[in-house]
$ cat input-v4.pdb   # PDB, C-alpha atoms
ATOM      1  CA  ALA A   1     -13.111   5.198  13.889
ATOM      2  CA  PHE A   2     -12.941   1.426  14.383
ATOM      3  CA  PRO A   3     -10.161   0.837  11.821
ATOM      4  CA  SER A   4      -8.005   3.566  13.383
ATOM      5  CA  PHE A   5      -8.347   2.327  16.928
ATOM      6  CA  ARG A   6      -9.059  -1.398  16.504
ATOM      7  CA  GLU A   7      -5.769  -2.354  18.136
ATOM      8  CA  PHE A   8      -6.499  -0.437  21.337
ATOM      9  CA  VAL A   9      -8.652  -1.397  24.345
ATOM     10  CA  PRO A  10     -11.624  -1.995  24.292
ATOM     11  CA  LEU A  11     -11.886  -2.353  20.506
ATOM     12  CA  ASN A  12      -9.111  -4.959  20.398
ATOM     13  CA  LEU A  13     -11.385  -7.208  22.467
ATOM     14  CA  LEU A  14     -13.939  -7.451  19.639
ATOM     15  CA  VAL A  15     -13.897 -10.723  17.733
ATOM     16  CA  GLY A  16     -15.914 -12.176  14.904
ATOM     17  CA  LEU A  17     -17.702 -10.005  12.376
ATOM     18  CA  PRO A  18     -16.441  -6.549  13.464
ATOM     19  CA  SER A  19     -12.803  -7.595  13.549
ATOM     20  CA  SER A  20     -12.797  -9.718  10.391
ATOM     21  CA  GLN A  21     -14.712  -7.341   8.140
ATOM     22  CA  TRP A  22     -13.287  -3.983   9.179
ATOM     23  CA  ALA A  23     -11.910  -3.450   5.650
ATOM     24  CA  LEU A  24     -15.469  -2.892   4.415
ATOM     25  CA  ASN A  25     -15.131   0.528   6.014
ATOM     26  CA  LEU A  26     -12.753   1.438   3.193
ATOM     27  CA  THR A  27     -15.660   1.044   0.771
ATOM     28  CA  TYR A  28     -17.862   3.312   2.867
ATOM     29  CA  CYS A  29     -14.951   5.707   3.197
ATOM     30  CA  SER A  30     -14.580   5.947  -0.595
ATOM     31  CA  ILE A  31     -18.269   6.740  -0.957
ATOM     32  CA  GLY A  32     -17.952   9.303   1.831
ATOM     33  CA  TYR A  33     -15.010  11.000   0.107
ATOM     34  CA  ALA A  34     -17.025  11.267  -3.119
ATOM     35  CA  VAL A  35     -19.969  12.833  -1.268
ATOM     36  CA  LEU A  36     -17.636  15.141   0.649
ATOM     37  CA  GLY A  37     -15.918  16.211  -2.586
ATOM     38  CA  HIS A  38     -19.286  16.975  -4.169
ATOM     39  CA  TYR A  39     -20.252  19.035  -1.126
ATOM     40  CA  ILE A  40     -16.975  20.993  -1.105
ATOM     41  CA  LYS A  41     -17.276  21.639  -4.839
ATOM     42  CA  ASN A  42     -20.773  23.077  -4.383
ATOM     43  CA  HIS A  43     -19.987  24.874  -1.095
ATOM     44  CA  PRO A  44     -16.413  26.122  -1.596
ATOM     45  CA  VAL A  45     -13.996  26.320   1.299
ATOM     46  CA  LYS A  46     -11.723  29.358   1.480
ATOM     47  CA  PRO A  47      -8.110  28.646   0.471
ATOM     48  CA  LEU A  48      -6.796  29.517   3.941
ATOM     49  CA  ALA A  49      -9.240  27.076   5.563
ATOM     50  CA  GLY A  50      -8.204  24.408   3.037
ATOM     51  CA  ALA A  51      -4.527  24.984   3.803
ATOM     52  CA  LEU A  52      -5.197  24.818   7.549
ATOM     53  CA  ALA A  53      -7.202  21.594   7.163
ATOM     54  CA  PHE A  54      -4.374  20.046   5.153
ATOM     55  CA  LEU A  55      -1.743  21.091   7.690
ATOM     56  CA  ALA A  56      -3.893  19.865  10.599
ATOM     57  CA  GLY A  57      -4.319  16.509   8.855
ATOM     58  CA  LEU A  58      -0.600  16.303   8.219
ATOM     59  CA  ALA A  59       0.097  17.050  11.893
ATOM     60  CA  VAL A  60      -2.448  14.481  13.134
ATOM     61  CA  THR A  61      -1.272  11.771  10.726
ATOM     62  CA  GLY A  62       2.410  12.486  11.234
ATOM     63  CA  GLY A  63       2.120  12.842  15.009
ATOM     64  CA  ALA A  64       0.066   9.691  15.508
ATOM     65  CA  THR A  65       2.276   7.692  13.147
ATOM     66  CA  LEU A  66       5.436   8.957  14.825
ATOM     67  CA  ALA A  67       4.076   8.196  18.300
ATOM     68  CA  GLY A  68       3.016   4.690  17.267
ATOM     69  CA  THR A  69       6.376   4.122  15.602
ATOM     70  CA  VAL A  70       8.324   5.219  18.670
ATOM     71  CA  ILE A  71       6.190   3.082  20.995
ATOM     72  CA  ARG A  72       6.484  -0.044  18.816
ATOM     73  CA  GLY A  73      10.023   0.475  17.566
ATOM     74  CA  GLU A  74       8.961  -0.009  13.938
ATOM     75  CA  LEU A  75       6.863   1.919  11.440
ATOM     76  CA  TYR A  76       3.253   1.989  12.646
ATOM     77  CA  GLU A  77       1.061   2.351   9.564
ATOM     78  CA  ASN A  78      -2.392   2.280  11.157
ATOM     79  CA  PHE A  79      -2.902   6.054  10.955
ATOM     80  CA  LEU A  80      -1.886   6.171   7.271
ATOM     81  CA  ASN A  81      -5.115   4.496   6.113
ATOM     82  CA  GLY A  82      -7.534   6.495   3.997
ATOM     83  CA  ASN A  83     -10.248   6.170   6.625
ATOM     84  CA  THR A  84      -8.471   8.006   9.434
ATOM     85  CA  LEU A  85      -9.097  11.528  10.670
ATOM     86  CA  GLY A  86      -5.716  12.921   9.630
ATOM     87  CA  VAL A  87      -5.880  11.564   6.082
ATOM     88  CA  CYS A  88      -9.456  12.820   5.769
ATOM     89  CA  LEU A  89      -8.401  16.323   6.856
ATOM     90  CA  MET A  90      -5.551  16.275   4.331
ATOM     91  CA  ALA A  91      -7.966  15.196   1.589
ATOM     92  CA  ILE A  92     -10.435  17.943   2.519
ATOM     93  CA  GLY A  93      -7.677  20.540   2.508
ATOM     94  CA  LEU A  94      -6.092  19.431  -0.754
ATOM     95  CA  PHE A  95      -9.433  19.143  -2.547
ATOM     96  CA  ALA A  96     -10.535  22.536  -1.220
ATOM     97  CA  LEU A  97      -7.297  24.094  -2.476
ATOM     98  CA  CYS A  98      -7.578  22.384  -5.866
ATOM     99  CA  ALA A  99     -11.208  23.477  -6.219
ATOM    100  CA  ARG A 100     -10.207  27.124  -5.641
ATOM    101  CA  ALA A 101      -6.858  26.975  -7.462
ATOM    102  CA  ARG A 102      -7.856  29.785  -9.817
ATOM    103  CA  GLU A 103      -7.934  32.177  -6.865
ATOM    104  CA  LEU A 104      -4.347  31.391  -5.877
ATOM    105  CA  PRO A 105      -1.162  32.815  -7.422
ATOM    106  CA  GLU A 106      -0.622  31.272 -10.873
ATOM    107  CA  ARG A 107       2.425  29.218  -9.918
ATOM    108  CA  VAL A 108       0.673  27.590  -6.944
ATOM    109  CA  GLY A 109      -2.712  27.417  -8.654
ATOM    110  CA  GLY A 110      -1.268  25.818 -11.793
ATOM    111  CA  ALA A 111       0.481  23.129  -9.768
ATOM    112  CA  LEU A 112      -2.684  22.431  -7.780
ATOM    113  CA  ARG A 113      -4.795  22.241 -10.954
ATOM    114  CA  PHE A 114      -2.341  19.698 -12.383
ATOM    115  CA  ILE A 115      -2.429  17.635  -9.178
ATOM    116  CA  GLY A 116      -6.228  17.901  -9.094
ATOM    117  CA  LYS A 117      -6.575  16.712 -12.699
ATOM    118  CA  GLY A 118      -4.098  13.901 -12.080
ATOM    119  CA  SER A 119      -5.498  12.771  -8.735
ATOM    120  CA  PHE A 120      -7.485   9.861 -10.160
ATOM    121  CA  GLY A 121      -4.415   8.735 -12.097
ATOM    122  CA  VAL A 122      -2.361   8.928  -8.896
ATOM    123  CA  TYR A 123      -4.997   6.869  -7.098
ATOM    124  CA  LEU A 124      -4.978   4.242  -9.849
ATOM    125  CA  SER A 125      -1.203   3.980 -10.244
ATOM    126  CA  HIS A 126       0.328   4.527  -6.805
ATOM    127  CA  LEU A 127       0.227   0.839  -5.840
ATOM    128  CA  LEU A 128       2.047  -0.055  -9.067
ATOM    129  CA  PHE A 129       4.975   2.061  -7.922
ATOM    130  CA  LEU A 130       4.807   1.092  -4.240
ATOM    131  CA  HIS A 131       4.578  -2.671  -4.713
ATOM    132  CA  VAL A 132       5.946  -3.483  -8.177
ATOM    133  CA  LEU A 133       8.370  -0.901  -9.546
ATOM    134  CA  PHE A 134      10.017   0.705  -6.512
ATOM    135  CA  PRO A 135      11.060  -2.313  -4.359
ATOM    136  CA  PRO A 136      13.431  -3.818  -6.974
ATOM    137  CA  LEU A 137      15.089  -0.393  -7.221
ATOM    138  CA  GLY A 138      15.574  -0.277  -3.446
ATOM    139  CA  ILE A 139      13.042   2.523  -3.041
ATOM    140  CA  THR A 140      11.333   1.547   0.192
ATOM    141  CA  ARG A 141      10.538   3.311   3.426
ATOM    142  CA  SER A 142      13.545   1.599   5.021
ATOM    143  CA  MET A 143      16.017   3.323   2.691
ATOM    144  CA  LEU A 144      16.217   6.168   5.236
ATOM    145  CA  PRO A 145      15.312   6.481   8.943
ATOM    146  CA  ALA A 146      11.568   5.920   9.511
ATOM    147  CA  PRO A 147      10.115   9.434   9.182
ATOM    148  CA  LEU A 148      12.428  10.483   6.336
ATOM    149  CA  GLY A 149      12.102   7.216   4.424
ATOM    150  CA  LEU A 150       8.337   7.365   4.577
ATOM    151  CA  LEU A 151       8.240  10.980   3.383
ATOM    152  CA  ALA A 152      10.689  10.199   0.579
ATOM    153  CA  VAL A 153       8.562   7.290  -0.644
ATOM    154  CA  VAL A 154       5.392   9.409  -0.456
ATOM    155  CA  PHE A 155       6.867  12.210  -2.553
ATOM    156  CA  LEU A 156       8.571   9.851  -5.020
ATOM    157  CA  THR A 157       5.301   7.942  -5.459
ATOM    158  CA  LEU A 158       3.379  11.173  -6.029
ATOM    159  CA  ALA A 159       5.969  12.410  -8.527
ATOM    160  CA  ALA A 160       6.097   9.095 -10.419
ATOM    161  CA  SER A 161       2.296   8.783 -10.484
ATOM    162  CA  LEU A 162       1.899  12.352 -11.742
ATOM    163  CA  ALA A 163       4.577  11.728 -14.392
ATOM    164  CA  LEU A 164       2.670   8.638 -15.562
ATOM    165  CA  TYR A 165      -0.542  10.681 -15.633
ATOM    166  CA  PHE A 166       1.214  13.366 -17.718
ATOM    167  CA  VAL A 167       2.464  10.808 -20.263
ATOM    168  CA  LEU A 168      -0.915   9.069 -20.480
ATOM    169  CA  SER A 169      -2.716  12.404 -20.885
ATOM    170  CA  LYS A 170      -0.768  12.918 -24.141
ATOM    171  CA  LEU A 171      -1.898   9.616 -25.678
ATOM    172  CA  PRO A 172      -5.248   9.894 -27.527
ATOM    173  CA  PHE A 173      -6.754   6.600 -26.327
ATOM    174  CA  ALA A 174      -5.601   7.038 -22.744
ATOM    175  CA  LYS A 175      -6.645  10.698 -22.713
ATOM    176  CA  LYS A 176     -10.149   9.764 -23.806
ATOM    177  CA  TRP A 177     -10.693   6.710 -21.585
ATOM    178  CA  LEU A 178      -8.283   6.845 -18.640
ATOM    179  CA  VAL A 179      -7.472  10.436 -17.704
TER     180      VAL A 179
END

$ encode --input "input-v4.pdb" --output "structure tokens"
Amino acid sequence: AFPSFREFVPLNLLVGLPSSQWALNLTYCSIGYAVLGHYIKNHPVKPLAGALAFLAGLAVTGGATLAGTVIRGELYENFLNGNTLGVCLMAIGLFALCARARELPERVGGALRFIGKGSFGVYLSHLLFLHVLFPPLGITRSMLPAPLGLLAVVFLTLAASLALYFVLSKLPFAKKWLV
């Protein structure tokens, strides 16, 4: 919880080791997501519960980000980190849905299976689009008003990352070693 609330009293009063090394929590978070994914895979969550977890995470992340943005007058990104409650709930929900995609209607299940298979590729390539390829094209969160611009960049990044995954999955070397 420290990374999510480090800018609020009393956590903003901490100095030294806790404040300078908070990013180490991202490492622990990654390990936690792997353990959580293993648990969900072995103890499946019903699709409805997965959808509700995803929607709850979206509401928490969106609501907290919107509130912080309104208060500060600029995009407040603190609640978009991978180690926050809302993002964790979205990850639980999406993984739970992907793990049970075969039980869903074929159109939805097929899309979720594709996203599930491409998720590591999305993780590996999303920063390439966000920081290298999109800015010169004018694709940034400021291209539209704050909530809309952020959503547009999220969906464009997901689409571009999945497209890259699709192309790489057709190349023999990349298919064997990267995807």

$ atom_distance --input "input-v4.pdb" --atom1 "CA of Thr140 (chain A)" --atom2 "CA of Val153 (chain A)"
6.4 Å

$ atom_distance --input "input-v4.pdb" --atom1 "CA of Ser125 (chain A)" --atom2 "CA of Gly82 (chain A)"
15.8 Å

$ closest_residue --input "input-v4.pdb" --among "A:Leu36, A:Leu133, A:Leu75, A:Val108" --to "Leu89 (chain A)" --atoms "only C-alpha atoms"
A:Leu36

$ atom_distance --input "input-v4.pdb" --atom1 "CA of His43 (chain A)" --atom2 "CA of Ala99 (chain A)"
10.3 Å

$ axis_aligned_box --input "input-v4.pdb" --around "region 168-174 of chain A" --padding-each-side "4 Å" --output "AutoDock Vina command-line options"
--center_x -3.8 --center_y 9.8 --center_z -24.0 --size_x 14.0 --size_y 14.3 --size_z 15.0

$ closest_residue --input "input-v4.pdb" --among "A:Gly37, A:Pro44, A:Pro10, A:Gly57" --to "Arg100 (chain A)" --atoms "only C-alpha atoms"
A:Pro44

$ closest_residue --input "input-v4.pdb" --among "A:Thr61, A:Thr84, A:Asn12, A:Ser169" --to "Ser30 (chain A)" --atoms "all atoms listed in the file"
A:Thr84

$ closest_residue --input "input-v4.pdb" --among "A:Leu52, A:Arg107, A:Pro147, A:Phe173" --to "Ala67 (chain A)" --atoms "all atoms listed in the file"
A:Pro147

$ residues_around --input "input-v4.pdb" --residues "Leu127 (chain A)" --least-positions-apart "6" --cutoff "10 Å" --atoms "only C-alpha atoms" --output "PyMOL selection string"
chain A and resi 133-134+157+161

$ closest_residue --input "input-v4.pdb" --among "A:Leu13, A:Ala163, A:Val70, A:Leu144" --to "Phe114 (chain A)" --atoms "only C-alpha atoms"
A:Ala163

$ residues_around --input "input-v4.pdb" --residues "Leu130 (chain A)" --least-positions-apart "6" --cutoff "12 Å" --atoms "only C-alpha atoms" --output "list of chain:residue names"
A:Val122, A:Tyr123, A:Leu124, A:Pro136, A:Leu137, A:Gly138, A:Ile139, A:Thr140, A:Arg141, A:Leu150, A:Ala152, A:Val153, A:Val154, A:Phe155, A:Leu156, A:Thr157, A:Leu158, A:Ala160, A:Ser161

$ closest_residue --input "input-v4.pdb" --among "A:His38, A:Lys46, A:Arg72, A:His126" --to "Tyr165 (chain A)" --atoms "only C-alpha atoms"
A:His126

$ residues_near_point --input "input-v4.pdb" --point "(-9.6, 15.1, 8.0)" --cutoff "9 Å" --atoms "only C-alpha atoms" --output "PyMOL selection string"
chain A and resi 53-54+56-57+60+84-93

$ resolve_selection --input "input-v4.pdb" --expression "the PyMOL selection byres ((chain A and resi 98) around 8)" --output "MDAnalysis selection string"
chainID A and resid 94:97 99:101 109 112:113 115:116

$ build_atoms --input "input-v4.pdb" --residues "region 110-129 of chain A" --atoms "N, CA and C atoms" --output "mmCIF file, keeping the file's coordinate frame"
data_model
loop_
_atom_site.group_PDB
_atom_site.id
_atom_site.type_symbol
_atom_site.label_atom_id
_atom_site.label_comp_id
_atom_site.auth_asym_id
_atom_site.auth_seq_id
_atom_site.Cartn_x
_atom_site.Cartn_y
_atom_site.Cartn_z
ATOM 1 N N GLY A 110 -1.539 26.719 -10.667
ATOM 2 C CA GLY A 110 -1.268 25.818 -11.793
ATOM 3 C C GLY A 110 -0.832 24.437 -11.322
ATOM 4 N N ALA A 111 0.028 24.418 -10.314
ATOM 5 C CA ALA A 111 0.481 23.129 -9.768
ATOM 6 C C ALA A 111 -0.686 22.376 -9.139
ATOM 7 N N LEU A 112 -1.529 23.084 -8.412
ATOM 8 C CA LEU A 112 -2.684 22.431 -7.780
ATOM 9 C C LEU A 112 -3.686 21.941 -8.816
ATOM 10 N N ARG A 113 -3.884 22.697 -9.894
ATOM 11 C CA ARG A 113 -4.795 22.241 -10.954
ATOM 12 C C ARG A 113 -4.261 20.956 -11.588
ATOM 13 N N PHE A 114 -2.946 20.902 -11.814
ATOM 14 C CA PHE A 114 -2.341 19.698 -12.383
ATOM 15 C C PHE A 114 -2.517 18.510 -11.444
ATOM 16 N N ILE A 115 -2.250 18.709 -10.161
ATOM 17 C CA ILE A 115 -2.429 17.635 -9.178
ATOM 18 C C ILE A 115 -3.894 17.223 -9.118
ATOM 19 N N GLY A 116 -4.797 18.201 -9.133
ATOM 20 C CA GLY A 116 -6.228 17.901 -9.094
ATOM 21 C C GLY A 116 -6.668 17.080 -10.294
ATOM 22 N N LYS A 117 -6.214 17.461 -11.496
ATOM 23 C CA LYS A 117 -6.575 16.712 -12.699
ATOM 24 C C LYS A 117 -5.965 15.314 -12.683
ATOM 25 N N GLY A 118 -4.779 15.189 -12.096
ATOM 26 C CA GLY A 118 -4.098 13.901 -12.080
ATOM 27 C C GLY A 118 -4.411 13.033 -10.879
ATOM 28 N N SER A 119 -5.276 13.496 -9.988
ATOM 29 C CA SER A 119 -5.498 12.771 -8.735
ATOM 30 C C SER A 119 -6.060 11.364 -8.956
ATOM 31 N N PHE A 120 -6.951 11.200 -9.916
ATOM 32 C CA PHE A 120 -7.485 9.861 -10.160
ATOM 33 C C PHE A 120 -6.389 8.958 -10.719
ATOM 34 N N GLY A 121 -5.547 9.501 -11.584
ATOM 35 C CA GLY A 121 -4.415 8.735 -12.097
ATOM 36 C C GLY A 121 -3.448 8.340 -10.999
ATOM 37 N N VAL A 122 -3.218 9.242 -10.041
ATOM 38 C CA VAL A 122 -2.361 8.928 -8.896
ATOM 39 C C VAL A 122 -2.991 7.799 -8.092
ATOM 40 N N TYR A 123 -4.293 7.908 -7.850
ATOM 41 C CA TYR A 123 -4.997 6.869 -7.098
ATOM 42 C C TYR A 123 -4.876 5.515 -7.800
ATOM 43 N N LEU A 124 -5.024 5.507 -9.108
ATOM 44 C CA LEU A 124 -4.978 4.242 -9.849
ATOM 45 C C LEU A 124 -3.571 3.651 -9.946
ATOM 46 N N SER A 125 -2.548 4.491 -9.966
ATOM 47 C CA SER A 125 -1.203 3.980 -10.244
ATOM 48 C C SER A 125 -0.280 3.899 -9.035
ATOM 49 N N HIS A 126 -0.634 4.468 -7.908
ATOM 50 C CA HIS A 126 0.328 4.527 -6.805
ATOM 51 C C HIS A 126 0.756 3.141 -6.302
ATOM 52 N N LEU A 127 -0.148 2.180 -6.303
ATOM 53 C CA LEU A 127 0.227 0.839 -5.840
ATOM 54 C C LEU A 127 1.186 0.154 -6.804
ATOM 55 N N LEU A 128 1.102 0.474 -8.095
ATOM 56 C CA LEU A 128 2.047 -0.055 -9.067
ATOM 57 C C LEU A 128 3.470 0.350 -8.687
ATOM 58 N N PHE A 129 3.643 1.600 -8.304
ATOM 59 C CA PHE A 129 4.975 2.061 -7.922
ATOM 60 C C PHE A 129 5.386 1.496 -6.563
#
